[in-house]
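Novice: Sending over start.pdb (PDB, C-alpha atoms).
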```pdb
ATOM      1  CA  MET X 350      22.054  18.996 -17.746  1.00  0.00           C
ATOM      2  CA  ILE X 351      18.519  17.660 -17.557  1.00  0.00           C
ATOM      3  CA  ALA X 352      16.128  18.991 -20.208  1.00  0.00           C
ATOM      4  CA  PRO X 353      13.133  21.091 -19.100  1.00  0.00           C
ATOM      5  CA  ALA X 354      10.735  18.436 -20.450  1.00  0.00           C
ATOM      6  CA  ASP X 355      12.323  15.818 -18.200  1.00  0.00           C
ATOM      7  CA  LEU X 356      12.186  18.129 -15.177  1.00  0.00           C
ATOM      8  CA  ALA X 357       8.522  18.911 -15.868  1.00  0.00           C
ATOM      9  CA  ALA X 358       7.685  15.198 -16.139  1.00  0.00           C
ATOM     10  CA  LEU X 359       9.565  14.520 -12.890  1.00  0.00           C
ATOM     11  CA  GLY X 360       7.712  17.312 -11.089  1.00  0.00           C
ATOM     12  CA  PHE X 361       4.376  15.967 -12.327  1.00  0.00           C
ATOM     13  CA  TYR X 362       5.326  12.481 -11.139  1.00  0.00           C
ATOM     14  CA  ILE X 363       6.264  13.710  -7.650  1.00  0.00           C
ATOM     15  CA  LEU X 364       2.997  15.637  -7.326  1.00  0.00           C
ATOM     16  CA  CYS X 365       0.955  12.591  -8.333  1.00  0.00           C
ATOM     17  CA  TRP X 366       2.906  10.263  -6.040  1.00  0.00           C
ATOM     18  CA  VAL X 367       2.706  12.516  -2.978  1.00  0.00           C
ATOM     19  CA  PHE X 368      -0.825  13.871  -3.358  1.00  0.00           C
ATOM     20  CA  TYR X 369      -2.667  10.933  -4.937  1.00  0.00           C
ATOM     21  CA  GLU X 370      -4.217   9.593  -1.725  1.00  0.00           C
ATOM     22  CA  PRO X 371      -4.983  12.941   0.007  1.00  0.00           C
ATOM     23  CA  VAL X 372      -6.659  14.332  -3.107  1.00  0.00           C
ATOM     24  CA  LEU X 373      -8.655  11.155  -3.727  1.00  0.00           C
ATOM     25  CA  ARG X 374      -9.854  11.089  -0.111  1.00  0.00           C
ATOM     26  CA  ARG X 375     -10.852  14.751  -0.309  1.00  0.00           C
ATOM     27  CA  LEU X 376     -12.786  14.207  -3.525  1.00  0.00           C
ATOM     28  CA  ARG X 377     -14.573  11.032  -2.386  1.00  0.00           C
ATOM     29  CA  GLY X 378     -14.930  11.672   1.337  1.00  0.00           C
ATOM     30  CA  PRO X 379     -14.782   9.026   4.100  1.00  0.00           C
ATOM     31  CA  VAL X 380     -17.183   6.693   2.262  1.00  0.00           C
ATOM     32  CA  GLY X 381     -16.810   5.360  -1.261  1.00  0.00           C
ATOM     33  CA  LEU X 382     -13.126   4.406  -1.342  1.00  0.00           C
ATOM     34  CA  LEU X 383     -12.224   0.736  -1.225  1.00  0.00           C
ATOM     35  CA  ASN X 384      -9.599   1.276   1.478  1.00  0.00           C
ATOM     36  CA  SER X 385     -11.954   3.367   3.643  1.00  0.00           C
ATOM     37  CA  ASP X 386     -14.764   0.851   3.334  1.00  0.00           C
ATOM     38  CA  MET X 387     -12.384  -1.986   4.177  1.00  0.00           C
ATOM     39  CA  ALA X 388     -11.346  -0.125   7.332  1.00  0.00           C
ATOM     40  CA  ARG X 389     -14.994  -0.148   8.464  1.00  0.00           C
ATOM     41  CA  ILE X 390     -15.294  -3.861   7.724  1.00  0.00           C
ATOM     42  CA  ARG X 391     -12.080  -4.638   9.600  1.00  0.00           C
ATOM     43  CA  LEU X 392     -13.511  -2.814  12.616  1.00  0.00           C
ATOM     44  CA  ALA X 393     -16.515  -5.158  12.518  1.00  0.00           C
ATOM     45  CA  TRP X 394     -14.129  -8.116  12.209  1.00  0.00           C
ATOM     46  CA  MET X 395     -12.011  -7.096  15.206  1.00  0.00           C
ATOM     47  CA  LEU X 396     -15.037  -6.468  17.397  1.00  0.00           C
ATOM     48  CA  GLU X 397     -16.398  -9.896  16.514  1.00  0.00           C
ATOM     49  CA  MET X 398     -12.982 -11.416  17.165  1.00  0.00           C
ATOM     50  CA  SER X 399     -12.891  -9.931  20.659  1.00  0.00           C
ATOM     51  CA  ARG X 400     -16.311 -11.392  21.519  1.00  0.00           C
ATOM     52  CA  ARG X 401     -15.971 -14.976  20.354  1.00  0.00           C
ATOM     53  CA  SER X 402     -14.109 -17.725  22.139  1.00  0.00           C
ATOM     54  CA  GLY X 403     -12.416 -19.510  19.236  1.00  0.00           C
ATOM     55  CA  ARG X 404      -9.957 -17.263  17.370  1.00  0.00           C
ATOM     56  CA  PHE X 405      -8.041 -19.821  15.338  1.00  0.00           C
ATOM     57  CA  MET X 406      -9.509 -18.592  12.044  1.00  0.00           C
ATOM     58  CA  ASP X 407      -8.707 -14.966  12.909  1.00  0.00           C
ATOM     59  CA  GLY X 408      -5.075 -15.878  13.449  1.00  0.00           C
ATOM     60  CA  GLN X 409      -5.013 -17.805  10.176  1.00  0.00           C
ATOM     61  CA  LEU X 410      -6.408 -14.846   8.233  1.00  0.00           C
ATOM     62  CA  LEU X 411      -3.914 -12.441   9.776  1.00  0.00           C
ATOM     63  CA  GLY X 412      -1.114 -14.913   9.121  1.00  0.00           C
ATOM     64  CA  HIS X 413      -2.042 -14.941   5.442  1.00  0.00           C
ATOM     65  CA  ALA X 414      -1.840 -11.135   5.329  1.00  0.00           C
ATOM     66  CA  LEU X 415       1.500 -11.266   7.134  1.00  0.00           C
ATOM     67  CA  ASN X 416       2.872 -13.718   4.569  1.00  0.00           C
ATOM     68  CA  SER X 417       1.722 -11.465   1.728  1.00  0.00           C
ATOM     69  CA  ALA X 418       3.466  -8.446   3.250  1.00  0.00           C
ATOM     70  CA  SER X 419       6.645 -10.490   3.757  1.00  0.00           C
ATOM     71  CA  PHE X 420       6.554 -11.638   0.132  1.00  0.00           C
ATOM     72  CA  PHE X 421       6.207  -8.086  -1.184  1.00  0.00           C
ATOM     73  CA  ALA X 422       8.959  -6.857   1.144  1.00  0.00           C
ATOM     74  CA  SER X 423      11.314  -9.557  -0.153  1.00  0.00           C
ATOM     75  CA  SER X 424      10.406  -8.715  -3.751  1.00  0.00           C
ATOM     76  CA  SER X 425      11.033  -5.013  -3.124  1.00  0.00           C
ATOM     77  CA  LEU X 426      14.426  -5.795  -1.627  1.00  0.00           C
ATOM     78  CA  LEU X 427      15.419  -7.774  -4.721  1.00  0.00           C
ATOM     79  CA  LEU X 428      14.289  -4.996  -7.045  1.00  0.00           C
ATOM     80  CA  ILE X 429      16.128  -2.391  -4.982  1.00  0.00           C
ATOM     81  CA  ALA X 430      19.305  -4.480  -5.172  1.00  0.00           C
ATOM     82  CA  ALA X 431      18.928  -4.792  -8.957  1.00  0.00           C
ATOM     83  CA  VAL X 432      18.375  -1.064  -9.526  1.00  0.00           C
ATOM     84  CA  ALA X 433      21.153  -0.137  -7.098  1.00  0.00           C
ATOM     85  CA  GLY X 434      23.490  -2.518  -8.915  1.00  0.00           C
ATOM     86  CA  VAL X 435      22.834  -0.757 -12.217  1.00  0.00           C
ATOM     87  CA  LEU X 436      23.156   2.662 -10.588  1.00  0.00           C
ATOM     88  CA  LEU X 437      26.478   1.784  -8.976  1.00  0.00           C
ATOM     89  CA  GLY X 438      27.687   0.314 -12.252  1.00  0.00           C
ATOM     90  CA  GLY X 439      28.645   3.831 -13.277  1.00  0.00           C
ATOM     91  CA  GLU X 440      29.918   4.461 -16.783  1.00  0.00           C
ATOM     92  CA  ASP X 441      29.624   0.827 -17.878  1.00  0.00           C
ATOM     93  CA  SER X 442      25.901   0.702 -17.055  1.00  0.00           C
ATOM     94  CA  PHE X 443      25.319   4.048 -18.738  1.00  0.00           C
ATOM     95  CA  ARG X 444      27.035   2.986 -21.965  1.00  0.00           C
ATOM     96  CA  SER X 445      25.295  -0.388 -22.057  1.00  0.00           C
ATOM     97  CA  LEU X 446      21.770   0.949 -21.604  1.00  0.00           C
ATOM     98  CA  SER X 447      22.185   4.148 -23.629  1.00  0.00           C
ATOM     99  CA  SER X 448      23.191   2.019 -26.612  1.00  0.00           C
ATOM    100  CA  LEU X 449      19.645   0.607 -26.774  1.00  0.00           C
ATOM    101  CA  ALA X 450      17.495   2.349 -29.373  1.00  0.00           C
ATOM    102  CA  LEU X 451      14.432   2.660 -27.120  1.00  0.00           C
ATOM    103  CA  ILE X 452      16.262   4.150 -24.144  1.00  0.00           C
ATOM    104  CA  LYS X 453      16.127   7.958 -24.076  1.00  0.00           C
ATOM    105  CA  THR X 454      18.877   9.102 -21.746  1.00  0.00           C
ATOM    106  CA  SER X 455      20.885  12.034 -23.061  1.00  0.00           C
ATOM    107  CA  SER X 456      23.469  12.196 -20.295  1.00  0.00           C
ATOM    108  CA  ARG X 457      24.835  10.210 -17.413  1.00  0.00           C
ATOM    109  CA  LEU X 458      23.254  12.689 -14.987  1.00  0.00           C
ATOM    110  CA  LEU X 459      19.804  12.051 -16.473  1.00  0.00           C
ATOM    111  CA  PHE X 460      20.427   8.300 -16.483  1.00  0.00           C
ATOM    112  CA  GLU X 461      21.407   8.246 -12.812  1.00  0.00           C
ATOM    113  CA  THR X 462      18.476  10.489 -11.889  1.00  0.00           C
ATOM    114  CA  GLN X 463      16.079   8.110 -13.611  1.00  0.00           C
ATOM    115  CA  LEU X 464      17.485   5.176 -11.671  1.00  0.00           C
ATOM    116  CA  ALA X 465      17.505   7.163  -8.433  1.00  0.00           C
ATOM    117  CA  VAL X 466      13.782   7.944  -8.780  1.00  0.00           C
ATOM    118  CA  MET X 467      13.008   4.245  -9.228  1.00  0.00           C
ATOM    119  CA  LEU X 468      15.242   3.411  -6.262  1.00  0.00           C
ATOM    120  CA  VAL X 469      13.591   5.967  -3.972  1.00  0.00           C
ATOM    121  CA  THR X 470      10.107   4.805  -4.970  1.00  0.00           C
ATOM    122  CA  LEU X 471      10.913   1.155  -4.305  1.00  0.00           C
ATOM    123  CA  SER X 472      12.699   1.996  -1.040  1.00  0.00           C
ATOM    124  CA  ARG X 473       9.702   3.924   0.243  1.00  0.00           C
ATOM    125  CA  GLY X 474       7.537   0.912  -0.565  1.00  0.00           C
ATOM    126  CA  LEU X 475       9.919  -1.404   1.287  1.00  0.00           C
ATOM    127  CA  LEU X 476       9.719   0.775   4.403  1.00  0.00           C
ATOM    128  CA  ASP X 477       5.918   0.652   4.197  1.00  0.00           C
ATOM    129  CA  PHE X 478       5.954  -3.145   3.984  1.00  0.00           C
ATOM    130  CA  ILE X 479       8.314  -3.361   6.978  1.00  0.00           C
ATOM    131  CA  TRP X 480       6.044  -1.089   9.017  1.00  0.00           C
ATOM    132  CA  SER X 481       3.043  -3.144   7.915  1.00  0.00           C
ATOM    133  CA  ILE X 482       4.694  -6.362   9.139  1.00  0.00           C
ATOM    134  CA  ARG X 483       5.523  -4.804  12.500  1.00  0.00           C
ATOM    135  CA  GLN X 484       1.956  -3.605  13.013  1.00  0.00           C
ATOM    136  CA  MET X 485       0.572  -7.017  12.097  1.00  0.00           C
ATOM    137  CA  ASN X 486       2.749  -8.502  14.819  1.00  0.00           C
ATOM    138  CA  TYR X 487       1.316  -5.932  17.233  1.00  0.00           C
ATOM    139  CA  THR X 488      -2.160  -7.048  16.148  1.00  0.00           C
ATOM    140  CA  LEU X 489      -1.289 -10.651  16.967  1.00  0.00           C
ATOM    141  CA  THR X 490      -0.326  -9.518  20.455  1.00  0.00           C
ATOM    142  CA  ILE X 491      -3.747  -7.895  20.815  1.00  0.00           C
ATOM    143  CA  PHE X 492      -5.309 -11.185  19.699  1.00  0.00           C
ATOM    144  CA  GLY X 493      -3.401 -12.946  22.449  1.00  0.00           C
ATOM    145  CA  ALA X 494      -4.623 -10.442  25.068  1.00  0.00           C
ATOM    146  CA  ALA X 495      -8.291 -11.044  24.254  1.00  0.00           C
ATOM    147  CA  PRO X 496      -9.954 -12.874  27.176  1.00  0.00           C
ATOM    148  CA  GLU X 497     -11.499 -16.285  26.599  1.00  0.00           C
ATOM    149  CA  ARG X 498     -15.132 -17.087  27.335  1.00  0.00           C
ATOM    150  CA  VAL X 499     -15.247 -20.148  29.575  1.00  0.00           C
ATOM    151  CA  GLU X 500     -18.485 -22.022  30.134  1.00  0.00           C
ATOM    152  CA  GLY X 501     -19.715 -21.781  33.676  1.00  0.00           C
ATOM    153  CA  GLN X 502     -17.677 -18.677  34.450  1.00  0.00           C
ATOM    154  CA  PRO X 503     -18.670 -14.990  34.242  1.00  0.00           C
ATOM    155  CA  ASP X 504     -18.278 -13.335  30.863  1.00  0.00           C
ATOM    156  CA  PRO X 505     -15.205 -11.121  30.446  1.00  0.00           C
ATOM    157  CA  ASP X 506     -15.556  -7.427  31.211  1.00  0.00           C
ATOM    158  CA  PRO X 507     -17.346  -5.927  28.173  1.00  0.00           C
ATOM    159  CA  VAL X 508     -15.302  -2.727  28.492  1.00  0.00           C
ATOM    160  CA  ILE X 509     -12.078  -4.711  28.099  1.00  0.00           C
ATOM    161  CA  VAL X 510     -13.544  -6.762  25.267  1.00  0.00           C
ATOM    162  CA  ASP X 511     -14.614  -3.630  23.386  1.00  0.00           C
ATOM    163  CA  ALA X 512     -11.260  -1.935  24.005  1.00  0.00           C
ATOM    164  CA  ILE X 513      -9.434  -4.938  22.567  1.00  0.00           C
ATOM    165  CA  GLY X 514     -11.634  -4.924  19.467  1.00  0.00           C
ATOM    166  CA  GLN X 515     -11.172  -1.188  18.928  1.00  0.00           C
ATOM    167  CA  ALA X 516      -7.408  -1.376  19.448  1.00  0.00           C
ATOM    168  CA  GLY X 517      -7.145  -4.377  17.135  1.00  0.00           C
ATOM    169  CA  ALA X 518      -9.015  -2.528  14.411  1.00  0.00           C
ATOM    170  CA  ARG X 519      -6.865   0.599  14.713  1.00  0.00           C
ATOM    171  CA  VAL X 520      -3.588  -1.316  14.569  1.00  0.00           C
ATOM    172  CA  LEU X 521      -4.741  -3.678  11.812  1.00  0.00           C
ATOM    173  CA  ASN X 522      -6.062  -0.791   9.710  1.00  0.00           C
ATOM    174  CA  GLY X 523      -2.707   0.936  10.108  1.00  0.00           C
ATOM    175  CA  ALA X 524      -0.908  -2.250   9.105  1.00  0.00           C
ATOM    176  CA  LEU X 525      -2.971  -2.847   5.992  1.00  0.00           C
ATOM    177  CA  GLY X 526      -2.936   0.857   5.158  1.00  0.00           C
ATOM    178  CA  ALA X 527       0.873   0.694   5.091  1.00  0.00           C
ATOM    179  CA  PHE X 528       0.631  -2.492   3.024  1.00  0.00           C
ATOM    180  CA  ASN X 529      -1.599  -0.730   0.494  1.00  0.00           C
ATOM    181  CA  THR X 530       0.840   2.178   0.290  1.00  0.00           C
ATOM    182  CA  GLY X 531       3.668  -0.249  -0.363  1.00  0.00           C
ATOM    183  CA  VAL X 532       1.743  -1.975  -3.152  1.00  0.00           C
ATOM    184  CA  ARG X 533       0.938   1.434  -4.641  1.00  0.00           C
ATOM    185  CA  GLY X 534       4.685   2.008  -4.820  1.00  0.00           C
ATOM    186  CA  TYR X 535       4.925  -0.726  -7.466  1.00  0.00           C
ATOM    187  CA  TYR X 536       2.541   1.205  -9.717  1.00  0.00           C
ATOM    188  CA  PHE X 537       4.618   4.360  -9.391  1.00  0.00           C
ATOM    189  CA  ALA X 538       7.893   2.454  -9.760  1.00  0.00           C
ATOM    190  CA  LEU X 539       6.646   1.137 -13.108  1.00  0.00           C
ATOM    191  CA  ALA X 540       5.728   4.687 -14.094  1.00  0.00           C
ATOM    192  CA  ALA X 541       9.210   5.839 -13.063  1.00  0.00           C
ATOM    193  CA  ALA X 542      10.741   3.091 -15.211  1.00  0.00           C
ATOM    194  CA  ALA X 543       8.911   4.564 -18.219  1.00  0.00           C
ATOM    195  CA  TRP X 544      11.113   7.658 -17.890  1.00  0.00           C
ATOM    196  CA  MET X 545      13.865   5.616 -19.529  1.00  0.00           C
ATOM    197  CA  PHE X 546      11.834   5.895 -22.745  1.00  0.00           C
ATOM    198  CA  GLY X 547      11.497   9.667 -22.563  1.00  0.00           C
ATOM    199  CA  PRO X 548       9.589  12.380 -20.671  1.00  0.00           C
ATOM    200  CA  LEU X 549       6.322  11.917 -22.589  1.00  0.00           C
ATOM    201  CA  PRO X 550       6.069   8.156 -21.877  1.00  0.00           C
ATOM    202  CA  PHE X 551       6.970   9.003 -18.263  1.00  0.00           C
ATOM    203  CA  ALA X 552       4.080  11.466 -17.946  1.00  0.00           C
ATOM    204  CA  ILE X 553       1.655   9.131 -19.726  1.00  0.00           C
ATOM    205  CA  ALA X 554       2.645   6.198 -17.491  1.00  0.00           C
ATOM    206  CA  THR X 555       2.164   8.377 -14.396  1.00  0.00           C
ATOM    207  CA  VAL X 556      -1.345   9.369 -15.528  1.00  0.00           C
ATOM    208  CA  GLY X 557      -2.075   5.726 -16.304  1.00  0.00           C
ATOM    209  CA  ALA X 558      -0.943   4.596 -12.848  1.00  0.00           C
ATOM    210  CA  VAL X 559      -3.084   7.229 -11.121  1.00  0.00           C
ATOM    211  CA  ALA X 560      -6.119   6.457 -13.288  1.00  0.00           C
ATOM    212  CA  LEU X 561      -5.817   2.706 -12.689  1.00  0.00           C
ATOM    213  CA  LEU X 562      -5.406   3.151  -8.932  1.00  0.00           C
ATOM    214  CA  ALA X 563      -8.356   5.550  -8.731  1.00  0.00           C
ATOM    215  CA  TRP X 564     -10.587   3.221 -10.761  1.00  0.00           C
ATOM    216  CA  ARG X 565      -9.741   0.251  -8.562  1.00  0.00           C
ATOM    217  CA  GLN X 566     -10.471   2.302  -5.453  1.00  0.00           C
ATOM    218  CA  THR X 567     -13.817   3.681  -6.629  1.00  0.00           C
ATOM    219  CA  ARG X 568     -15.337   1.868  -9.614  1.00  0.00           C
ATOM    220  CA  SER X 569     -13.967  -1.663  -9.709  1.00  0.00           C
ATOM    221  CA  PRO X 570     -16.251  -4.630  -8.953  1.00  0.00           C
ATOM    222  CA  ALA X 571     -14.337  -5.219  -5.717  1.00  0.00           C
ATOM    223  CA  ALA X 572     -14.893  -1.611  -4.605  1.00  0.00           C
ATOM    224  CA  GLU X 573     -18.616  -1.840  -5.372  1.00  0.00           C
ATOM    225  CA  ALA X 574     -18.982  -5.142  -3.502  1.00  0.00           C
ATOM    226  CA  VAL X 575     -17.153  -3.823  -0.425  1.00  0.00           C
ATOM    227  CA  ARG X 576     -19.178  -0.592  -0.552  1.00  0.00           C
ATOM    228  CA  THR X 577     -22.403  -2.632  -0.504  1.00  0.00           C
ATOM    229  CA  LEU X 578     -21.223  -4.583   2.532  1.00  0.00           C
ATOM    230  CA  ARG X 579     -20.228  -1.418   4.374  1.00  0.00           C
ATOM    231  CA  LYS X 580     -23.641   0.093   3.682  1.00  0.00           C
ATOM    232  CA  ALA X 581     -25.300  -3.041   5.077  1.00  0.00           C
ATOM    233  CA  LEU X 582     -23.176  -2.824   8.227  1.00  0.00           C
ATOM    234  CA  ASP X 583     -23.953   0.860   8.695  1.00  0.00           C
ATOM    235  CA  ASP X 584     -27.690   0.386   8.078  1.00  0.00           C
ATOM    236  CA  SER X 585     -27.917  -2.498  10.518  1.00  0.00           C
ATOM    237  CA  GLY X 586     -26.120  -0.526  13.209  1.00  0.00           C
ATOM    238  CA  SER X 587     -23.633  -3.327  13.539  1.00  0.00           C
ATOM    239  CA  ALA X 588     -20.483  -2.488  15.463  1.00  0.00           C
TER     240      ALA X 588
END
```
Any chance you could put this one into structure tokens?
Specialist:
Amino acid sequence: MIAPADLAALGFYILCWVFYEPVLRRLRGPVGLLNSDMARIRLAWMLEMSRRSGRFMDGQLLGHALNSASFFASSSLLLIAAVAGVLLGGEDSFRSLSSLALIKTSSRLLFETQLAVMLVTLSRGLLDFIWSIRQMNYTLTIFGAAPERVEGQPDPDPVIVDAIGQAGARVLNGALGAFNTGVRGYYFALAAAAWMFGPLPFAIATVGAVALLAWRQTRSPAAEAVRTLRKALDDSGSA
């Protein structure tokens, strides 16, 4: 059996993991979150990309993001394999880890549940990284469809140019939104790992993960700098 304290800590963790982003967006609104402000800036980037002739730097920047997503996906896969290996180790894994003084696992059922929560959290993050990589590849296709400006020839149709910029922004924002969700999974996976030390450390680690994520989204120097840039873009009426 799993103790009520462990079940309560698990329920609190699930609520925080599932509702963190919706609640934060509702509290802060469409402006004031780092991710929301970055979406506005990426729109300006994609519109500029669609209007200029040389797009080598745009491809380089997107390639860097694609490499980062691939790195995190590979790391997630390794961590999933490690946790799954311990979980499938059965009785031997349970006896080895439960013999450690700091590990608080009263039964094999609790032990396997703790590992399963970590495994599910990491697996969800891996799926987000895979979806992020796919959408980045779609964005590269949109880059390739953008018409070139050739000297001495009529400018491309502005309707097509604007449509390409808008589509690029929507797909790229989806890609990097999935990437951010995958990275967030690491925070919650670390919180889930704290359950091995007991329900109270599990709850404290969950609160710590949420607090750190919220601070970085709203009050960190990066969030303030990006917020200032978004305000400048909005005030100037820049697309």
Novice: One number please: atom CA of X:Val466 to atom CA of X:Gly360, in Å, one decimal.
Specialist: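 Atom CA of X:Gly360 lies at a distance of 11.4 Å from atom CA of X:Val466.
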Novice: Give me the residues near X:Ile479 as a tab-separated table (two decimals) with C-alpha atoms, in the coordinates of the input, where near means some atom within 12 Å (using only C-alpha atoms) and where sequence neighbours in that chain fewer than 2 positions away do not count.
Specialist:
```tsv
chain	number	residue	atom	x	y	z
X	415	LEU	CA	1.50	-11.27	7.13
X	416	ASN	CA	2.87	-13.72	4.57
X	417	SER	CA	1.72	-11.46	1.73
X	418	ALA	CA	3.47	-8.45	3.25
X	419	SER	CA	6.64	-10.49	3.76
X	420	PHE	CA	6.55	-11.64	0.13
X	421	PHE	CA	6.21	-8.09	-1.18
X	422	ALA	CA	8.96	-6.86	1.14
X	423	SER	CA	11.31	-9.56	-0.15
X	425	SER	CA	11.03	-5.01	-3.12
X	426	LEU	CA	14.43	-5.80	-1.63
X	472	SER	CA	12.70	2.00	-1.04
X	473	ARG	CA	9.70	3.92	0.24
X	474	GLY	CA	7.54	0.91	-0.56
X	475	LEU	CA	9.92	-1.40	1.29
X	476	LEU	CA	9.72	0.78	4.40
X	477	ASP	CA	5.92	0.65	4.20
X	481	SER	CA	3.04	-3.14	7.92
X	482	ILE	CA	4.69	-6.36	9.14
X	483	ARG	CA	5.52	-4.80	12.50
X	484	GLN	CA	1.96	-3.60	13.01
X	485	MET	CA	0.57	-7.02	12.10
X	486	ASN	CA	2.75	-8.50	14.82
X	524	ALA	CA	-0.91	-2.25	9.10
X	525	LEU	CA	-2.97	-2.85	5.99
X	527	ALA	CA	0.87	0.69	5.09
X	528	PHE	CA	0.63	-2.49	3.02
X	530	THR	CA	0.84	2.18	0.29
X	531	GLY	CA	3.67	-0.25	-0.36
```
Novice: Could you list, as a list in words, every residue matched by the PyMOL selection byres ((chain X and resi 385-391) around 7) in this structure?
Specialist: Pro379, Val380, Gly381, Leu382, Leu383, Asn384, Leu392, Ala393, Trp394, Met395, Ala518, Asn522, Val575, Arg576 and Arg579 of chain X
Novice: Point out the residue among X:Leu464, X:Val559, X:Ala574, X:Leu539 with the least atom-to-atom distance to X:Val367, counting all atoms listed in the file.
Specialist: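 Checking each candidate against X:Val367, we get X:Val559 as the closest.
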Novice: Given the choices X:Ala414, X:Leu459, X:Ile363, X:Met406, which gets closest to X:Phe537 if the distance is worked out from only C-alpha atoms?
Specialist: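 The answer is X:Ile363, which sits nearest to X:Phe537.
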Novice: Out of X:Pro548, X:Ser399, X:Val469, X:Phe405, which residue has the shortest atom-to-atom distance to X:Asp506 when counting only C-alpha atoms?
Specialist: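 Comparing X:Pro548, X:Ser399, X:Val469, X:Phe405 against X:Asp506, the winner is X:Ser399.
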Novice: So, counting all atoms listed in the file, which residue among X:Arg519, X:Ala581, X:Gly526, X:Leu549 is closest to X:Leu356?
Specialist: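 Among X:Arg519, X:Ala581, X:Gly526, X:Leu549, it is X:Leu549 that comes nearest to X:Leu356.
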Novice: The PyMOL selection byres ((chain X and resi 436-439) around 9) - which residues does that actually catch in the file I just gave you? List them as a count of residues only.
Specialist: 15
Novice: One decimal, in Å: what's the spacing between atom CA of X:Ala495 and atom CA of X:Gln409?
Specialist: 16.0 Å
Novice: Which residue out of X:Leu489, X:Ile509, X:Ala494, X:Val556 has the minimum interatomic distance to X:Leu364 when all atoms listed in the file are used?
Specialist: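 Ranking X:Leu489, X:Ile509, X:Ala494, X:Val556 by distance to X:Leu364, first place goes to X:Val556.
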Novice: Quick one: everything within 10 Å of X:Phe551, counting only C-alpha atoms, minus sequence neighbours fewer than 3 positions away in the same chain. Send it as JSON, numbers by chain.
Specialist: {"X": [355, 358, 359, 361, 362, 539, 540, 541, 542, 543, 544, 545, 546, 547, 548, 554, 555, 556, 557]}
Novice: Please return the centre and edge lengths, in Å to one decimal, of a box with edges along x, y and z that contains all listed atoms of stretch 358-377 of chain X, widened by 6 Å on every side, as AutoDock Vina command-line options.
Specialist:
```
--center_x -2.5 --center_y 13.5 --center_z -8.1 --size_x 36.1 --size_y 19.7 --size_z 28.1
```
Novice: State, in Å with one decimal place, the distance from atom CA of X:Glu497 to atom CA of X:Arg401.
Specialist: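 Atom-to-atom, atom CA of X:Glu497 to atom CA of X:Arg401, that is 7.8 Å.
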Novice: Using all atoms listed in the file, find the one residue out of X:Ala512, X:Ala538, X:Val499, X:Leu562 that sits nearest to X:Leu428.
Specialist: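 Closest to X:Leu428, using all atoms listed in the file: X:Ala538.
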